[in-house]
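Heads up: the structure comes next, in structure tokens.
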Amino acid sequence: MNDRAMNGWAAPGHREIAMPTGVLTVRTDAGAYPLDSLLGFGARANARRGFLFVSKVLGKHWPSRPAMMRELHDALAGQLPAALPGPVVFIALAETAIGLGQGVFESHLRRHPEAEALFLHTTRYRIDGVPTVEFAEPHSHAPRQFLHLPADPALHQLFMRARSLVLVDDEASTGTTFRNLAAACRSLNPALAHVHLATLTDFMGAQAGEALSAGIGLPVTQGAALHGSFTFAAGASFPETAPAQVVGAAGGVAVGGAFGRAGLARPLAIPAAVVDALAAGIAPGETVLVLGTGEFMHPPFLLAHALAGAGIDAVVQSTTRSPILEWGAIGSRLAFADNYGEGIANYLYNVRPGQYAHVLICHETPADDALRDLARQLGGRLLHFRSEDTIEGALP
């Protein structure tokens, strides 16, 4: 990323941001990445939290370069303790950090190909017939989260034999969600001996590790691209709050099973034939947005990374159910129906129709009216990932 500090180290900083919902004050420690290279600031219509750290390297609310995303995956994987006891379970927090967590997991396997490791991500959807654990993300617009236990016997046993948890999220502020999830995992697997938190931004403060360790009852270590702290003073005229979203009550949803909810012990890959076929339709100099949908984030990143490796100007981003105001780092907003079928509004930020020559919309749910409407708005092409090897719409 061009705006990284030239010497590879950024000085501590202080920022005060007046936004429609209040005033956010951010203090950052010295570190390898300047604040502005990692995030901007947004405002949310949410009484629990009226602000948002808008990451530039997650591929969620901002179009992101896959090479920079891979760099951050490697940086966070490199901060795992050398003596972390195995097997290790990596759990990424939905919705925003799913791709980040899977990237950190795969980076760990590249560094340690012999390691026993399992990847799971939490979800806001219940899958019929699969055991689940529920926990709370209190500050979220949709506070209920679910963790599915692996249905595959070998992966289930790997979870039960795990000695360490690596919990991955884009940002840490209070640690409450981490504590809730770690407690749920310990109730299932008493053999757990260590918890490591991997985040892009850690705003919990210097003493947070000790407090979390006491609350969880296990040693806790932390790794992040940026450390600091923040305060937020809500404004007097707080905007109307979107209602908290109740999810999972309607039962299961039709989603692919091979992408992280049910557990993975290996990296994913996009078939070379798919990359070649898509690249063949892109002229030199044309821009490409690879767009994930909802919780389906990591395969689109892998596709964008492969296209960029072929010399194509590709960025990656995802749609989201998070309601954010058009302000600050959120320059535009498109709204459309929910392709997961629960009737919850979905959004795409910082993308305008016609901005990219090609938009490849990657989805794990079957094509429906919501996805076709999104494709119509963006002039995009739908790619249905039934599995990592079966991608409908990718080949002629």
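We name chains A, B, ... following the order of the structure tokens; residues begin at 1 in each chain, and ligands are numbered from 1 as shown.
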Determine, for each residue of range 194-313 of chain A having at least one atom at most 12 Å from an atom of range 29-34 of chain A, the closest pair of atoms and their separation in Å to one decimal, counting only C-alpha atoms; order by chain and ascending number, as JSON lines.
{"residue": "A:Leu200", "atom": "CA", "partner": "A:Tyr33", "partner_atom": "CA", "distance": 10.0}
{"residue": "A:Thr201", "atom": "CA", "partner": "A:Tyr33", "partner_atom": "CA", "distance": 10.2}
{"residue": "A:Asp202", "atom": "CA", "partner": "A:Asp29", "partner_atom": "CA", "distance": 10.2}
{"residue": "A:Phe203", "atom": "CA", "partner": "A:Asp29", "partner_atom": "CA", "distance": 9.9}
{"residue": "A:Gly205", "atom": "CA", "partner": "A:Asp29", "partner_atom": "CA", "distance": 10.2}
{"residue": "A:Ala206", "atom": "CA", "partner": "A:Asp29", "partner_atom": "CA", "distance": 10.6}
{"residue": "A:Gly223", "atom": "CA", "partner": "A:Gly31", "partner_atom": "CA", "distance": 11.8}
{"residue": "A:Ala224", "atom": "CA", "partner": "A:Gly31", "partner_atom": "CA", "distance": 9.6}
{"residue": "A:Ala225", "atom": "CA", "partner": "A:Tyr33", "partner_atom": "CA", "distance": 6.5}
{"residue": "A:Leu226", "atom": "CA", "partner": "A:Gly31", "partner_atom": "CA", "distance": 6.2}
{"residue": "A:His227", "atom": "CA", "partner": "A:Asp29", "partner_atom": "CA", "distance": 5.6}
{"residue": "A:Gly228", "atom": "CA", "partner": "A:Asp29", "partner_atom": "CA", "distance": 5.3}
{"residue": "A:Ser229", "atom": "CA", "partner": "A:Asp29", "partner_atom": "CA", "distance": 8.6}
{"residue": "A:Phe230", "atom": "CA", "partner": "A:Asp29", "partner_atom": "CA", "distance": 11.6}
Sorted by chain and rising residue number, which residues of range 290-322 of chain A lie within 12 Å of range 366-381 of chain A, and what are their closest atom pairs and distances in Å to one decimal, counting only C-alpha atoms, as a Markdown table?
| residue | atom | partner | partner_atom | distance |
| --- | --- | --- | --- | --- |
| A:Val290 | CA | A:Gly380 | CA | 9.6 |
| A:Leu291 | CA | A:Gly380 | CA | 9.2 |
| A:Gly292 | CA | A:Leu371 | CA | 11.2 |
| A:Thr293 | CA | A:Leu371 | CA | 9.1 |
| A:Gly294 | CA | A:Leu371 | CA | 11.4 |
| A:Thr319 | CA | A:Leu374 | CA | 10.0 |
Give me a file of those residues, with C-alpha atoms, as a PDB file, in the first residue's frame.
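The resulting file, again_39.pdb, is shown below:
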ATOM      1  CA  VAL A 290     -14.717  -9.293  -7.335  1.00  0.00           C
ATOM      2  CA  LEU A 291     -17.741  -8.989  -5.068  1.00  0.00           C
ATOM      3  CA  GLY A 292     -18.500 -11.400  -2.258  1.00  0.00           C
ATOM      4  CA  THR A 293     -21.966 -11.617  -0.739  1.00  0.00           C
ATOM      5  CA  GLY A 294     -22.688 -11.466   2.991  1.00  0.00           C
ATOM      6  CA  THR A 319     -21.942  -6.895   0.510  1.00  0.00           C
TER       7      THR A 319
END
Quick one: contact table of range 288-387 of chain A to range 92-98 of chain A, 10 Å max, nearest atom pair and distance in Å to one decimal per residue, counting only C-alpha atoms, chain and number order, as a Markdown table?
| residue | atom | partner | partner_atom | distance |
| --- | --- | --- | --- | --- |
| A:Gly294 | CA | A:Glu95 | CA | 7.1 |
| A:Glu295 | CA | A:Glu95 | CA | 5.6 |
| A:Phe296 | CA | A:Ile98 | CA | 8.0 |
| A:Met297 | CA | A:Ile98 | CA | 6.6 |
| A:His298 | CA | A:Ile98 | CA | 7.2 |
| A:Ser318 | CA | A:Thr96 | CA | 9.1 |
| A:Thr319 | CA | A:Thr96 | CA | 10.0 |
| A:Thr320 | CA | A:Glu95 | CA | 7.8 |
| A:Arg321 | CA | A:Glu95 | CA | 8.5 |
| A:Ser322 | CA | A:Glu95 | CA | 9.0 |
Select from range 78-273 of chain A everything DSSP, run on the backbone, classes as strand (DSSP E or B), then give the selection as a PyMOL selection string.
-> chain A and resi 88-92+117-121+123+126+132-136+144-148+164-172+194-202+220-234+252+264
Extract the full set of helix (DSSP H, G or I) residues from range 88-323 of chain A according to DSSP on the backbone, and format it as an MDAnalysis selection string.
-> chainID A and resid 98:111 153:161 176:188 208:216 272:280 298:309
Please indicate the distance in Å from CA of Leu39 in chain A to CA of Ser55 in chain A, rounded to one decimal place.
-> 4.2 Å
Can you tell me, as an NGL selection string, what residues are no more than 8 Å from Asn189 in chain A when counting only C-alpha atoms, ignoring any on the same chain fewer than 2 positions away?
-> :A and (159-162 or 185-187 or 191-192)
Go ahead and write the selection's residues with N, CA and C atoms as an mmCIF file, in the first residue's frame.
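Printed below is selection_30.cif as written:
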data_model
loop_
_atom_site.group_PDB
_atom_site.id
_atom_site.type_symbol
_atom_site.label_atom_id
_atom_site.label_comp_id
_atom_site.auth_asym_id
_atom_site.auth_seq_id
_atom_site.Cartn_x
_atom_site.Cartn_y
_atom_site.Cartn_z
ATOM 1 N N PHE A 159 -11.462 -30.633 16.738
ATOM 2 C CA PHE A 159 -11.944 -29.556 17.616
ATOM 3 C C PHE A 159 -11.845 -29.974 19.076
ATOM 4 N N MET A 160 -12.234 -31.190 19.384
ATOM 5 C CA MET A 160 -12.254 -31.640 20.774
ATOM 6 C C MET A 160 -10.855 -31.882 21.326
ATOM 7 N N ARG A 161 -9.860 -32.088 20.441
ATOM 8 C CA ARG A 161 -8.479 -32.283 20.894
ATOM 9 C C ARG A 161 -7.683 -30.983 20.943
ATOM 10 N N ALA A 162 -8.260 -29.901 20.462
ATOM 11 C CA ALA A 162 -7.522 -28.651 20.350
ATOM 12 C C ALA A 162 -7.029 -28.165 21.707
ATOM 13 N N CYS A 185 -16.556 -22.145 23.858
ATOM 14 C CA CYS A 185 -15.657 -23.200 23.384
ATOM 15 C C CYS A 185 -15.096 -24.014 24.549
ATOM 16 N N ARG A 186 -14.775 -23.361 25.645
ATOM 17 C CA ARG A 186 -14.254 -24.091 26.810
ATOM 18 C C ARG A 186 -15.296 -25.036 27.392
ATOM 19 N N SER A 187 -16.562 -24.651 27.290
ATOM 20 C CA SER A 187 -17.606 -25.534 27.807
ATOM 21 C C SER A 187 -17.684 -26.829 27.007
ATOM 22 N N ALA A 191 -10.037 -29.150 27.404
ATOM 23 C CA ALA A 191 -8.590 -29.299 27.214
ATOM 24 C C ALA A 191 -7.931 -28.031 26.697
ATOM 25 N N LEU A 192 -8.709 -27.038 26.311
ATOM 26 C CA LEU A 192 -8.120 -25.800 25.812
ATOM 27 C C LEU A 192 -7.218 -25.178 26.862
#
Have a look at CA of Arg179 in chain A and CA of Phe53 in chain A and let me know their distance in Å, one decimal.
->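 Atom-to-atom, CA of Arg179 in chain A to CA of Phe53 in chain A, that is 21.1 Å.
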Residue neighbourhood Glu286 in chain A, 12 Å, only C-alpha atoms, exclusion window fewer than 3 positions, as JSON, numbers by chain | {"A": [279, 280, 281, 282, 283, 289, 307, 308, 311, 312, 313, 314, 315, 355, 356, 357, 358, 359]}
Using only C-alpha atoms, pick whichever of A:Leu167, A:Leu302, A:Ala45, A:Val275 has the shortest atom-to-atom distance to Pro66 in chain A.
-> A:Leu302
The residue from A:Ala183, A:Ile330, A:Ala236, A:Val316 with the smallest atom-to-atom distance to Leu58 in chain A, counting only C-alpha atoms, is A:Val316
